[in-house]
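S.K.: Quick one, input03.txt (compact mmCIF, C-alpha atoms and all ligand atoms):
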```txt
# COMPACT_ATOMS: atom_id res chain seq x y z
CA MET P 1 8.83 57.37 144.80
CA GLN P 2 11.44 57.88 142.12
CA ASN P 3 11.46 54.63 140.17
CA GLU P 4 14.90 53.13 140.48
CA PHE P 5 14.22 50.61 137.77
CA SER P 6 14.41 53.39 135.21
CA VAL P 7 16.52 56.03 136.97
CA GLN P 8 19.41 55.26 139.27
CA ILE P 9 19.91 57.86 141.95
CA SER P 10 23.47 59.12 141.73
CA ARG P 11 24.92 60.32 144.99
CA VAL P 12 27.97 62.45 145.47
CA GLY P 13 30.68 61.55 147.95
CA THR P 14 30.65 63.25 151.32
CA SER P 15 32.59 66.44 151.57
CA ARG P 16 34.24 66.12 154.92
CA ARG P 17 34.96 69.81 154.88
CA THR P 18 31.23 70.51 154.98
CA VAL P 19 30.97 68.66 158.26
CA MET P 20 33.57 70.76 159.96
CA ALA P 21 32.27 74.03 158.62
CA GLY P 22 28.82 72.96 159.76
CA ALA P 23 30.08 72.09 163.18
CA ALA P 24 31.85 75.39 163.57
CA SER P 25 28.93 77.50 162.44
CA LEU P 26 26.60 75.53 164.67
CA SER P 27 28.65 75.89 167.83
CA ALA P 28 26.48 76.81 170.78
CA TYR P 29 23.59 75.94 168.56
CA ALA P 30 20.37 76.17 170.50
CA LEU P 31 16.70 75.44 170.08
CA SER P 32 15.70 78.78 171.43
CA GLY P 33 12.51 78.41 173.30
CA GLY P 34 10.38 77.32 170.37
CA LEU P 35 10.44 73.66 171.17
CA GLY P 36 7.10 72.01 171.30
CA ARG P 37 4.92 75.05 170.65
CA ALA P 38 2.78 72.68 168.75
CA ASP P 39 -0.62 73.96 169.79
CA ALA P 40 -0.26 77.20 167.82
CA ALA P 41 -1.02 76.38 164.22
CA ILE P 42 -2.57 72.96 163.87
CA THR P 43 -5.00 72.89 161.01
CA LYS P 44 -4.44 69.38 159.68
CA THR P 45 -5.08 66.02 161.22
CA VAL P 46 -4.60 62.43 160.16
CA ALA P 47 -6.61 59.35 161.10
CA LEU P 48 -4.06 56.59 161.65
CA PRO P 49 -5.79 53.33 160.73
CA PHE P 50 -6.49 51.96 164.21
CA ALA P 51 -8.90 52.81 167.04
CA ASN P 52 -8.10 56.22 168.64
CA GLY P 53 -5.78 56.98 165.75
CA ASP P 54 -6.63 60.67 165.22
CA ARG P 55 -3.48 62.80 165.41
CA PRO P 56 -2.59 66.44 164.64
CA ILE P 57 -0.17 67.15 161.83
CA VAL P 58 2.15 69.99 162.76
CA PRO P 59 3.28 72.36 160.00
CA ALA P 60 6.89 72.70 158.92
CA GLY P 61 8.94 74.69 161.40
CA THR P 62 6.87 73.83 164.47
CA PHE P 63 9.83 71.77 165.61
CA PRO P 64 13.27 73.11 164.65
CA GLN P 65 14.73 71.67 161.44
CA LYS P 66 11.57 69.61 160.94
CA GLY P 67 9.00 69.68 158.19
CA GLU P 68 5.39 68.57 158.43
CA MET P 69 5.15 65.75 161.00
CA ILE P 70 2.50 63.69 162.78
CA LEU P 71 2.46 64.81 166.41
CA GLN P 72 2.40 61.88 168.82
CA ARG P 73 3.72 63.77 171.85
CA THR P 74 5.15 67.25 172.39
CA ARG P 75 7.72 66.80 175.12
CA ALA P 76 9.81 64.76 175.03
CA PRO P 77 8.97 64.85 171.31
CA LEU P 78 7.52 61.89 169.45
CA LEU P 79 7.09 62.94 165.83
CA GLU P 80 5.99 60.41 163.23
CA THR P 81 6.94 60.52 159.55
CA PRO P 82 3.79 60.89 157.38
CA TRP P 83 3.31 57.92 155.04
CA SER P 84 3.34 60.14 151.94
CA VAL P 85 7.05 60.81 152.58
CA PHE P 86 7.86 57.12 151.96
CA GLN P 87 5.79 57.20 148.78
CA LYS P 88 8.08 59.92 147.44
CA HIS P 89 11.53 59.08 148.77
CA LEU P 90 13.62 55.93 149.22
CA PHE P 91 16.00 57.97 151.40
CA THR P 92 13.89 59.84 153.93
CA PRO P 93 14.60 63.60 153.95
CA ASN P 94 16.22 64.67 157.22
CA ASP P 95 13.51 67.19 157.98
CA GLN P 96 10.85 64.48 157.93
CA ALA P 97 12.74 61.70 159.69
CA TYR P 98 10.75 60.65 162.76
CA VAL P 99 11.86 61.78 166.20
CA ARG P 100 11.81 59.94 169.50
CA TRP P 101 13.17 61.09 172.85
CA HIS P 102 12.45 59.48 176.21
CA VAL P 103 13.31 62.06 178.81
CA ALA P 104 11.45 65.38 178.80
CA ASP P 105 14.63 67.18 179.87
CA PHE P 106 16.59 66.09 176.82
CA PRO P 107 19.37 68.45 175.66
CA THR P 108 18.05 71.28 173.49
CA SER P 109 21.44 72.75 172.67
CA VAL P 110 24.86 71.40 171.84
CA ASP P 111 28.10 73.35 172.05
CA THR P 112 30.38 71.73 169.51
CA ASN P 113 33.35 73.63 170.99
CA THR P 114 33.13 71.68 174.21
CA TYR P 115 31.60 68.50 172.79
CA ARG P 116 33.83 65.43 173.25
CA ILE P 117 33.62 61.73 172.46
CA LYS P 118 35.34 59.67 175.11
CA VAL P 119 36.51 56.04 174.78
CA SER P 120 37.34 54.39 178.11
CA GLY P 121 37.02 51.25 180.22
CA ALA P 122 38.79 47.99 179.38
CA VAL P 123 41.16 49.63 176.88
CA LYS P 124 44.91 50.22 176.90
CA LYS P 125 44.82 53.91 175.96
CA PRO P 126 41.61 55.75 176.85
CA PHE P 127 41.15 58.89 174.75
CA GLU P 128 38.88 61.82 174.04
CA LEU P 129 38.15 63.43 170.67
CA THR P 130 36.69 66.70 169.54
CA LEU P 131 34.20 66.54 166.71
CA GLU P 132 36.84 67.91 164.35
CA GLU P 133 39.31 65.17 165.40
CA LEU P 134 36.71 62.45 164.95
CA VAL P 135 36.11 63.62 161.38
CA ARG P 136 39.78 64.22 160.51
CA MET P 137 41.62 61.32 162.16
CA PHE P 138 39.65 58.35 160.84
CA PRO P 139 38.58 57.33 157.33
CA ALA P 140 34.91 57.98 156.70
CA LYS P 141 32.52 55.16 155.94
CA ARG P 142 29.12 55.55 154.29
CA MET P 143 26.28 53.13 154.87
CA ALA P 144 22.58 53.05 154.11
CA ALA P 145 20.61 51.86 157.12
CA VAL P 146 17.06 51.89 158.41
CA ASN P 147 16.48 53.55 161.76
CA GLN P 148 13.36 51.88 163.14
CA CYS P 149 11.92 52.26 166.64
CA SER P 150 11.27 48.96 168.42
CA GLY P 151 7.70 50.15 168.83
CA ASN P 152 7.09 51.12 165.19
CA SER P 153 3.51 50.13 164.21
CA ARG P 154 2.60 49.44 167.84
CA GLY P 155 -0.86 50.84 167.13
CA PHE P 156 -1.60 47.75 165.00
CA ILE P 157 -0.68 45.18 167.63
CA ASN P 158 -3.54 43.03 168.83
CA PRO P 159 -4.34 43.00 171.70
CA ARG P 160 -3.22 46.63 172.06
CA VAL P 161 -0.47 47.46 174.54
CA ALA P 162 0.69 50.66 176.25
CA GLY P 163 3.36 52.89 174.68
CA ALA P 164 3.50 55.32 171.78
CA GLN P 165 0.72 54.36 169.35
CA TRP P 166 2.74 54.68 166.16
CA ALA P 167 1.48 53.74 162.73
CA ASN P 168 4.24 52.75 160.27
CA GLY P 169 6.16 56.03 160.38
CA ALA P 170 8.53 55.43 163.31
CA MET P 171 11.22 54.48 160.80
CA TYR P 172 13.40 56.15 158.21
CA ASN P 173 16.09 55.22 155.74
CA ALA P 174 19.27 57.29 155.59
CA MET P 175 22.77 57.24 154.14
CA TRP P 176 25.01 57.59 157.18
CA THR P 177 28.59 58.85 157.22
CA GLY P 178 30.87 58.24 160.15
CA VAL P 179 33.64 56.15 161.67
CA PRO P 180 33.29 52.42 162.32
CA LEU P 181 33.30 51.89 166.07
CA SER P 182 35.86 49.10 165.52
CA ARG P 183 38.35 51.80 164.39
CA LEU P 184 37.89 53.74 167.62
CA LEU P 185 38.19 50.59 169.73
CA ALA P 186 41.35 49.59 167.83
CA HIS P 187 42.76 53.08 168.39
CA ALA P 188 42.24 52.62 172.14
CA GLY P 189 43.40 48.98 172.11
CA LEU P 190 41.20 46.40 173.82
CA THR P 191 42.69 44.84 176.95
CA GLY P 192 40.82 41.58 176.36
CA LYS P 193 38.86 41.94 179.59
CA GLY P 194 35.82 43.58 177.99
CA THR P 195 32.66 41.70 177.00
CA HIS P 196 30.27 44.62 176.35
CA VAL P 197 30.32 48.28 175.35
CA ALA P 198 28.20 50.93 177.09
CA PHE P 199 27.04 54.08 175.31
CA ARG P 200 25.94 57.31 177.01
CA SER P 201 24.88 60.67 175.72
CA LEU P 202 24.80 64.33 176.62
CA GLU P 203 21.63 63.62 178.56
CA GLN P 204 23.79 62.10 181.24
CA GLY P 205 25.96 65.15 181.79
CA GLY P 206 25.77 67.61 184.63
CA GLY P 207 24.06 65.39 187.15
CA LEU P 208 20.72 66.87 186.15
CA TYR P 209 18.99 63.56 185.63
CA PRO P 210 18.04 60.87 188.09
CA PRO P 211 20.14 57.73 187.56
CA ARG P 212 17.05 55.85 186.40
CA ALA P 213 16.68 58.18 183.45
CA THR P 214 20.29 58.05 182.27
CA PHE P 215 19.94 56.81 178.75
CA GLU P 216 22.62 54.15 178.76
CA LYS P 217 22.53 51.40 176.16
CA VAL P 218 24.87 48.40 176.02
CA LEU P 219 25.92 46.17 173.13
CA PRO P 220 27.78 42.86 173.30
CA LEU P 221 31.41 43.52 172.27
CA ASN P 222 31.21 41.25 169.22
CA ARG P 223 28.35 43.33 167.79
CA ALA P 224 29.91 46.67 168.78
CA ASN P 225 33.21 45.69 167.14
CA ASP P 226 31.83 44.14 163.92
CA GLY P 227 32.86 47.00 161.61
CA ASP P 228 29.25 47.86 160.71
CA VAL P 229 28.34 49.60 163.95
CA MET P 230 29.46 53.18 163.56
CA VAL P 231 29.70 56.57 165.12
CA ALA P 232 27.92 58.73 162.55
CA TYR P 233 28.27 62.47 162.06
CA GLN P 234 26.25 62.88 158.88
CA MET P 235 22.81 61.80 157.75
CA ASN P 236 22.07 61.94 154.02
CA ASP P 237 25.25 63.98 153.48
CA ALA P 238 24.25 66.74 155.89
CA ASP P 239 24.59 67.43 159.59
CA MET P 240 21.88 65.46 161.35
CA PRO P 241 19.04 67.52 162.81
CA LEU P 242 19.52 68.22 166.50
CA LEU P 243 16.40 66.22 167.29
CA ASN P 244 17.95 63.21 165.49
CA GLY P 245 21.11 63.36 167.57
CA TYR P 246 23.38 66.15 166.35
CA PRO P 247 26.35 66.18 166.28
CA VAL P 248 27.10 62.44 166.57
CA ARG P 249 25.04 59.32 167.08
CA LEU P 250 25.59 55.60 167.19
CA ILE P 251 24.38 53.55 164.20
CA VAL P 252 23.67 49.88 164.86
CA PRO P 253 22.58 48.66 161.40
CA GLY P 254 20.03 45.88 161.49
CA TRP P 255 19.15 46.40 165.16
CA TYR P 256 16.24 48.45 166.50
CA SER P 257 17.13 52.07 167.04
CA THR P 258 16.82 52.01 170.82
CA TYR P 259 20.58 51.29 170.58
CA TRP P 260 21.24 54.21 168.23
CA VAL P 261 22.27 56.58 171.04
CA LYS P 262 21.91 60.22 169.99
CA MET P 263 24.33 62.98 171.07
CA LEU P 264 26.79 60.23 171.88
CA THR P 265 29.52 61.29 174.32
CA GLU P 266 30.76 58.19 176.14
CA ILE P 267 31.86 54.79 174.88
CA GLU P 268 32.98 52.53 177.70
CA VAL P 269 34.20 48.95 177.31
CA ILE P 270 32.83 46.99 180.29
CA ASP P 271 32.95 43.37 181.49
CA HIS P 272 29.23 42.71 182.06
CA PRO P 273 25.84 43.20 180.36
CA GLY P 274 23.93 46.44 180.93
CA THR P 275 22.37 46.83 184.36
CA GLY P 276 20.66 50.21 183.89
CA PHE P 277 16.93 50.76 183.46
CA TRP P 278 17.03 51.00 179.65
CA MET P 279 18.77 47.61 179.32
CA ALA P 280 17.70 45.58 182.34
CA VAL P 281 14.05 46.65 182.51
CA ALA P 282 12.92 48.43 179.34
CA TYR P 283 13.20 47.23 175.75
CA LYS P 284 13.10 43.53 176.55
CA ILE P 285 11.48 40.82 174.45
CA PRO P 286 10.53 37.20 175.12
CA ASP P 287 13.52 34.91 174.60
CA THR P 288 11.79 32.96 171.81
CA PRO P 289 12.91 32.61 168.16
CA THR P 290 10.52 35.36 167.02
CA GLY P 291 10.39 37.42 170.23
CA GLU P 292 6.70 36.75 170.72
CA MET P 293 4.51 35.15 173.38
CA LYS P 294 0.84 34.73 174.25
CA PRO P 295 -0.84 37.52 176.21
CA GLY P 296 -0.85 36.48 179.86
CA GLU P 297 1.62 33.63 179.39
CA ALA P 298 3.60 32.93 182.60
CA ASP P 299 7.28 32.16 183.24
CA VAL P 300 8.56 33.79 180.07
CA LYS P 301 12.25 34.65 180.01
CA PHE P 302 13.03 38.12 178.64
CA VAL P 303 16.18 39.35 176.88
CA PRO P 304 17.23 42.77 175.50
CA ILE P 305 15.69 43.49 172.09
CA ASN P 306 18.16 43.11 169.22
CA LYS P 307 17.86 42.30 165.46
CA MET P 308 15.09 43.79 163.37
CA LYS P 309 12.67 41.61 161.45
CA PRO P 310 12.04 41.98 157.71
CA ARG P 311 9.27 44.27 156.48
CA SER P 312 7.78 45.33 153.15
CA PHE P 313 5.28 47.95 152.00
CA PHE P 314 3.31 49.19 149.01
CA THR P 315 3.94 52.77 147.93
CA SER P 316 2.29 53.00 144.50
CA ILE P 317 -1.17 51.94 145.60
CA GLU P 318 -3.43 52.53 148.58
CA ASN P 319 -6.68 51.16 150.00
CA GLY P 320 -9.62 52.05 147.78
CA ALA P 321 -7.61 52.33 144.55
CA THR P 322 -9.01 51.00 141.28
CA LEU P 323 -7.01 49.12 138.63
CA PRO P 324 -8.23 48.54 135.07
CA ALA P 325 -9.41 44.96 134.35
CA GLY P 326 -7.26 42.99 131.94
CA LYS P 327 -4.55 45.64 131.67
CA PRO P 328 -1.04 45.30 133.09
CA ALA P 329 -0.36 47.52 136.11
CA MET P 330 2.97 48.16 137.76
CA LEU P 331 3.04 47.85 141.55
CA THR P 332 5.96 49.25 143.54
CA GLY P 333 7.03 49.57 147.13
CA PHE P 334 10.05 49.07 149.34
CA ALA P 335 11.32 46.47 151.78
CA PHE P 336 14.17 45.81 154.15
CA GLY P 337 15.68 42.65 155.56
CA GLY P 338 16.27 43.84 159.12
CA GLY P 339 18.97 41.93 161.01
CA SER P 340 20.12 40.29 157.79
CA ALA P 341 19.94 41.25 154.13
CA LEU P 342 16.74 41.13 152.14
CA LYS P 343 16.41 37.91 150.18
CA SER P 344 13.12 38.30 148.34
CA VAL P 345 9.87 40.21 148.19
CA GLN P 346 6.70 38.46 147.07
CA ILE P 347 3.22 39.73 146.38
CA SER P 348 -0.18 38.08 146.42
CA THR P 349 -3.27 39.27 144.59
CA ASN P 350 -5.59 36.78 146.25
CA GLY P 351 -5.31 37.56 149.93
CA GLY P 352 -2.28 35.35 150.51
CA LYS P 353 -3.42 32.09 148.86
CA THR P 354 -0.62 32.20 146.31
CA TRP P 355 2.52 34.31 146.05
CA ARG P 356 4.75 35.42 143.20
CA SER P 357 8.14 37.06 143.23
CA THR P 358 8.92 40.70 142.50
CA MET P 359 11.99 42.36 141.03
CA LEU P 360 14.33 44.15 143.38
CA ALA P 361 15.97 47.45 142.39
CA LYS P 362 19.35 48.86 143.33
CA ASN P 363 20.92 47.31 146.40
CA TYR P 364 22.35 49.90 148.80
CA GLY P 365 23.68 47.18 151.09
CA ALA P 366 22.18 44.83 153.63
CA TYR P 367 20.63 47.43 155.89
CA GLY P 368 18.76 50.01 153.80
CA PHE P 369 15.39 50.22 152.11
CA ARG P 370 15.24 48.50 148.73
CA GLN P 371 12.63 49.19 146.09
CA TRP P 372 10.59 46.32 144.61
CA GLN P 373 8.39 46.20 141.53
CA ALA P 374 5.96 43.75 139.98
CA GLN P 375 3.64 43.88 137.01
CA VAL P 376 0.20 42.41 137.58
CA THR P 377 -2.76 41.89 135.28
CA LEU P 378 -6.07 41.24 137.01
CA PRO P 379 -8.49 39.97 134.38
CA LYS P 380 -11.79 40.00 136.27
CA PRO P 381 -13.57 42.99 137.81
CA GLY P 382 -14.13 42.72 141.54
CA ARG P 383 -12.49 43.39 144.88
CA TYR P 384 -8.96 42.21 145.53
CA ARG P 385 -6.69 42.12 148.56
CA LEU P 386 -3.08 42.74 147.53
CA MET P 387 -0.37 41.64 149.94
CA VAL P 388 3.39 42.04 150.14
CA ARG P 389 5.81 39.86 152.08
CA ALA P 390 9.59 40.06 152.64
CA THR P 391 12.02 37.27 153.47
CA ASN P 392 15.56 37.87 154.70
CA VAL P 393 18.67 35.73 154.22
CA GLY P 394 18.43 34.77 157.89
CA GLY P 395 15.30 32.79 156.95
CA HIS P 396 12.75 35.13 158.53
CA VAL P 397 9.53 35.50 156.55
CA GLN P 398 6.95 38.13 157.49
CA PRO P 399 4.01 36.41 159.22
CA MET P 400 0.41 36.99 158.11
CA VAL P 401 -0.39 38.12 161.67
CA ALA P 402 2.25 39.97 163.71
CA GLY P 403 3.49 38.29 166.86
CA TRP P 404 2.58 39.73 170.26
CA ASN P 405 4.71 40.76 173.23
CA PRO P 406 3.93 43.08 176.15
CA GLY P 407 6.16 45.90 174.83
CA GLY P 408 4.41 45.92 171.47
CA PHE P 409 7.81 45.55 169.85
CA MET P 410 8.95 44.24 166.45
CA TYR P 411 5.61 44.42 164.62
CA ASN P 412 6.11 42.97 161.14
CA GLY P 413 2.83 41.49 159.93
CA VAL P 414 2.24 41.22 156.16
CA GLU P 415 0.86 44.52 154.81
CA HIS P 416 -2.14 44.62 152.50
CA VAL P 417 -4.21 47.02 150.40
CA ASP P 418 -7.81 46.44 149.39
CA ILE P 419 -8.55 47.56 145.86
CA SER P 420 -11.17 47.26 143.11
CA VAL P 421 -10.65 46.09 139.57
CA ALA P 422 -13.06 47.55 137.04
N1 LIG K 501 20.32 60.13 173.70
C1 LIG K 501 19.26 59.43 173.31
N2 LIG K 501 19.38 58.59 172.28
C2 LIG K 501 18.33 57.86 171.86
C3 LIG K 501 17.07 57.93 172.53
C4 LIG K 501 16.96 58.84 173.62
O1 LIG K 501 15.90 58.99 174.24
N3 LIG K 501 18.07 59.56 173.98
N4 LIG K 501 16.02 57.13 172.11
C5 LIG K 501 16.36 55.95 171.30
C6 LIG K 501 15.19 55.36 170.66
S1 LIG K 501 14.23 54.29 171.58
C7 LIG K 501 14.90 55.59 169.35
S2 LIG K 501 13.54 54.88 168.63
C8 LIG K 501 15.79 56.41 168.51
C9 LIG K 501 15.02 57.46 167.73
O2 LIG K 501 15.88 58.09 166.82
P1 LIG K 501 15.38 59.36 166.02
O3 LIG K 501 14.90 60.38 166.98
O4 LIG K 501 16.48 59.78 165.13
O5 LIG K 501 14.20 58.89 165.21
O6 LIG K 501 16.79 57.08 169.25
C10 LIG K 501 17.41 56.29 170.23
N5 LIG K 501 18.49 57.03 170.81
MO MO K 502 12.45 53.46 170.20
```
Could you write out this file's structure as structure tokens?

M.R.:
Amino acid sequence: MQNEFSVQISRVGTSRRTVMAGAASLSAYALSGGLGRADAAITKTVALPFANGDRPIVPAGTFPQKGEMILQRTRAPLLETPWSVFQKHLFTPNDQAYVRWHVADFPTSVDTNTYRIKVSGAVKKPFELTLEELVRMFPAKRMAAVNQCSGNSRGFINPRVAGAQWANGAMYNAMWTGVPLSRLLAHAGLTGKGTHVAFRSLEQGGGLYPPRATFEKVLPLNRANDGDVMVAYQMNDADMPLLNGYPVRLIVPGWYSTYWVKMLTEIEVIDHPGTGFWMAVAYKIPDTPTGEMKPGEADVKFVPINKMKPRSFFTSIENGATLPAGKPAMLTGFAFGGGSALKSVQISTNGGKTWRSTMLAKNYGAYGFRQWQAQVTLPKPGRYRLMVRATNVGGHVQPMVAGWNPGGFMYNGVEHVDISVA
């Protein structure tokens, strides 16, 4: 990863003209037939570090607009970001950002000429916008935020549970450009009768899908209207890849990305919590302070998943590395606070017996990845377990052992690497 302690990444402002040109040239943009032809050219594999962790790595171009990815499922696609990408980039390149779709019949083309965003429900003036109007009529906001699947790292949860067996690559960090949802709601004018906001996507259109599969997500109004939740039309200053939700997706910074509805078309202010399958049945966690429970525990109350937990990782060093005895070595990695900003990152060189603080690099705001760095000198040769642990301002500290729940959600155990000193 580029070391931000010595070099600050400078980023240019978004050219809004680029968006519109992109939209126009991508009208009737289609993934012509090639989707999921993953069996053709697989020559590489990766062993994710858990039982039954062998996965193919598909070469660049196997999936449209995507580089080399770990193949978890072909259709609907589940593509994991290889770990080496995080070692190189603090902002994940769009072509290696992980991909997750639920319904096999997800939209494989988008016509930006007919695409509309609709705001309706408990509002005074319902309205509809073209993509061009969305970009032109409202001031753009930029925000760094981590998109992380609720089930990221599910493969490490013990005891194992059903669902996509991701390692740590069902997450990415991006600089998003879009319009705060609060601006759109203000434009429509809330009637005061709404308590929640429902979000639907192109998947819902045309009556092609059974009601159960309609990917509707619902946020409480106070979260939806907080000024941070936004309707994004750019990812890292470019159109987002179709598989990541082109042309527009919802960004709910700090919350798991099940709420980050891709190909967003409908925003409806409603007066009740979500009742659809994806809110009332799926993506629910135990209603406990950390969202965990004991396997088999009875009478547990479940609520919709929400805020992310803090996490931290090593990028400069891996299992099996050797450091020179008695010489200072610089360790680096990245962390994020989750539902609230990152407060501190600590490391341990003795398997968690004692901890010391690290230095944090440039702060891109509460919701993005942040690089950390610490110099260590290990005097004696031998084997060491290095650990890294993040704490957020909400008081959450990563636990040594991740909590358990039946969905395998919110994994955030302390990460470690086992090294030798010689
Ligand atoms: N329209 C639509 N949006 C969606 C989903 C989906 O299946 N359909 N899946 C959600 C879930 S659970 C995740 S983890 C993220 C994945 O976003 P990505 O594909 O950009 O990684 O999209 C979210 N938004
Ligand atoms: Mo997800």

S.K.: Mind giving me the straight-line distance from CA of Tyr115 (chain P) to CA of Glu268 (chain P) in Å, one decimal?

M.R.: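 It comes out at 16.8 Å.
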
S.K.: Tell me which of P:Asp299, P:Asp237, P:Asp54, P:Asp418 sits closest to Gly178 (chain P), counting only C-alpha atoms.

M.R.: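 Looking at the shortest contact to Gly178 (chain P), the residue is P:Asp237.
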
S.K.: Any chance you could tabulate, as JSON lines, the residues of chain P at most 7 Å from ligand MO 502 (chain K) with each one's nearest atom pair and distance in Å to one decimal, using only C-alpha atoms and all ligand atoms, in chain and rising number order?

M.R.:
```
{"residue": "P:Arg100", "atom": "CA", "partner": "K:MO502", "partner_atom": "MO", "distance": 6.5}
{"residue": "P:Cys149", "atom": "CA", "partner": "K:MO502", "partner_atom": "MO", "distance": 3.8}
{"residue": "P:Ser150", "atom": "CA", "partner": "K:MO502", "partner_atom": "MO", "distance": 5.0}
{"residue": "P:Gly151", "atom": "CA", "partner": "K:MO502", "partner_atom": "MO", "distance": 5.9}
{"residue": "P:Ser257", "atom": "CA", "partner": "K:MO502", "partner_atom": "MO", "distance": 5.8}
{"residue": "P:Thr258", "atom": "CA", "partner": "K:MO502", "partner_atom": "MO", "distance": 4.6}
```

S.K.: Near region 346-351 of chain P, within 9 Å and counting all atoms listed in the file, which residues show up once chain neighbours fewer than 5 positions away are dropped, as an MDAnalysis selection string?

M.R.: chainID P and resid 356:359 374 376 378 384:391 416

S.K.: From the options P:Tyr233, P:Trp176, P:Phe369, P:Trp260, which residue's atoms come nearest to ligand LIG 501 (chain K), counting only C-alpha atoms and all ligand atoms?

M.R.: P:Trp260

S.K.: Measure the distance from CA of Met137 (chain P) to CA of Arg116 (chain P) in Å and round it to one decimal.

M.R.: 14.2 Å

S.K.: For chain P versus ligand LIG 501 (chain K), which residues have an atom no more than 8 Å away, and what is each residue's nearest atom pair and distance in Å rounded to one decimal, using all atoms listed in the file, chain-then-number order, as a Markdown table?

M.R.:
```
| residue | atom | partner | partner_atom | distance |
| --- | --- | --- | --- | --- |
| P:Leu78 | CA | K:LIG501 | O3 | 7.9 |
| P:Ala97 | CA | K:LIG501 | O5 | 6.4 |
| P:Tyr98 | CA | K:LIG501 | O5 | 4.6 |
| P:Val99 | CA | K:LIG501 | O3 | 3.4 |
| P:Arg100 | CA | K:LIG501 | O3 | 4.0 |
| P:Trp101 | CA | K:LIG501 | O1 | 3.7 |
| P:His102 | CA | K:LIG501 | O1 | 4.0 |
| P:Val103 | CA | K:LIG501 | O1 | 6.1 |
| P:Phe106 | CA | K:LIG501 | N3 | 7.3 |
| P:Asn147 | CA | K:LIG501 | O5 | 6.8 |
| P:Gln148 | CA | K:LIG501 | S2 | 6.3 |
| P:Cys149 | CA | K:LIG501 | S2 | 3.7 |
| P:Ser150 | CA | K:LIG501 | S2 | 6.3 |
| P:Gly151 | CA | K:LIG501 | S2 | 7.5 |
| P:Ala170 | CA | K:LIG501 | O5 | 6.9 |
| P:Met171 | CA | K:LIG501 | O5 | 6.9 |
| P:Tyr172 | CA | K:LIG501 | O5 | 7.6 |
| P:Arg200 | CA | K:LIG501 | N1 | 7.1 |
| P:Ser201 | CA | K:LIG501 | N1 | 5.0 |
| P:Leu202 | CA | K:LIG501 | N1 | 6.8 |
| P:Glu203 | CA | K:LIG501 | N1 | 6.1 |
| P:Phe215 | CA | K:LIG501 | N3 | 5.8 |
| P:Leu243 | CA | K:LIG501 | O3 | 6.0 |
| P:Asn244 | CA | K:LIG501 | O4 | 3.7 |
| P:Gly245 | CA | K:LIG501 | O4 | 6.3 |
| P:Arg249 | CA | K:LIG501 | N2 | 7.7 |
| P:Tyr256 | CA | K:LIG501 | S2 | 7.3 |
| P:Ser257 | CA | K:LIG501 | C7 | 4.8 |
| P:Thr258 | CA | K:LIG501 | S1 | 3.5 |
| P:Tyr259 | CA | K:LIG501 | C10 | 5.9 |
| P:Trp260 | CA | K:LIG501 | N5 | 4.7 |
| P:Val261 | CA | K:LIG501 | N2 | 3.7 |
| P:Lys262 | CA | K:LIG501 | N2 | 3.8 |
| P:Met263 | CA | K:LIG501 | N1 | 5.6 |
| P:Leu264 | CA | K:LIG501 | N1 | 6.7 |
```

S.K.: Kindly indicate which residue among P:Trp166, P:Phe334, P:Trp355, P:Phe302 lies nearest to Tyr283 (chain P), using all atoms listed in the file for the distances.

M.R.: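 Under the stated criterion, the closest residue is P:Phe302.
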
S.K.: Tell me which of P:Asn405, P:Asn392, P:Thr377, P:Ser109 sits closest to Pro241 (chain P), counting all atoms listed in the file.

M.R.: P:Ser109

S.K.: Using all atoms listed in the file, determine which residues lie at most 8 Å from Pro247 (chain P), disregarding the query and same-chain residues fewer than 4 positions distant; provide the list as an mmCIF file with C-alpha atoms, in the coordinates of the input.

M.R.:
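out06.cif was written with the following content:
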```cif
data_model
loop_
_atom_site.group_PDB
_atom_site.id
_atom_site.type_symbol
_atom_site.label_atom_id
_atom_site.label_comp_id
_atom_site.auth_asym_id
_atom_site.auth_seq_id
_atom_site.Cartn_x
_atom_site.Cartn_y
_atom_site.Cartn_z
ATOM 1 C CA ALA P 23 30.080 72.090 163.180
ATOM 2 C CA VAL P 110 24.860 71.400 171.840
ATOM 3 C CA THR P 112 30.380 71.730 169.510
ATOM 4 C CA LEU P 131 34.200 66.540 166.710
ATOM 5 C CA TYR P 233 28.270 62.470 162.060
ATOM 6 C CA ASP P 239 24.590 67.430 159.590
ATOM 7 C CA MET P 240 21.880 65.460 161.350
ATOM 8 C CA LEU P 242 19.520 68.220 166.500
ATOM 9 C CA MET P 263 24.330 62.980 171.070
#
```

S.K.: Applying 12 Å and only C-alpha atoms, which residues near Glu80 (chain P) remain after dropping the ones on its own chain fewer than 5 positions away? List them as a VMD selection string.

M.R.: chain P and resid 46 48 55 to 58 66 to 74 85 to 86 95 to 100 148 to 149 151 to 153 164 to 172

S.K.: Using only C-alpha atoms for the distances, tell me which of P:Pro304, P:Pro253, P:Pro406, P:Gly320 is nearest to Ser340 (chain P).

M.R.: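 Closest to Ser340 (chain P) of all the choices is P:Pro253.
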
S.K.: Between CA of Arg223 (chain P) and CA of His196 (chain P), what is the distance in Å, rounded to a tenth?

M.R.: 8.9 Å

S.K.: Taking all atoms listed in the file into account, name the residue in P:Pro126, P:Pro286, P:Pro77, P:Gly382 that is nearest to Ala104 (chain P).

M.R.: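 Looking only at the distances to Ala104 (chain P), the closest residue turns out to be P:Pro77.
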
S.K.: Which neighbours of region 288-292 of chain P fall inside 9 Å, counting all atoms listed in the file, when residues of the same chain fewer than 5 positions from it are skipped, and could you give them as a ChimeraX atom specification?

M.R.: /P:300-302,305,309,396,402-406,409-410
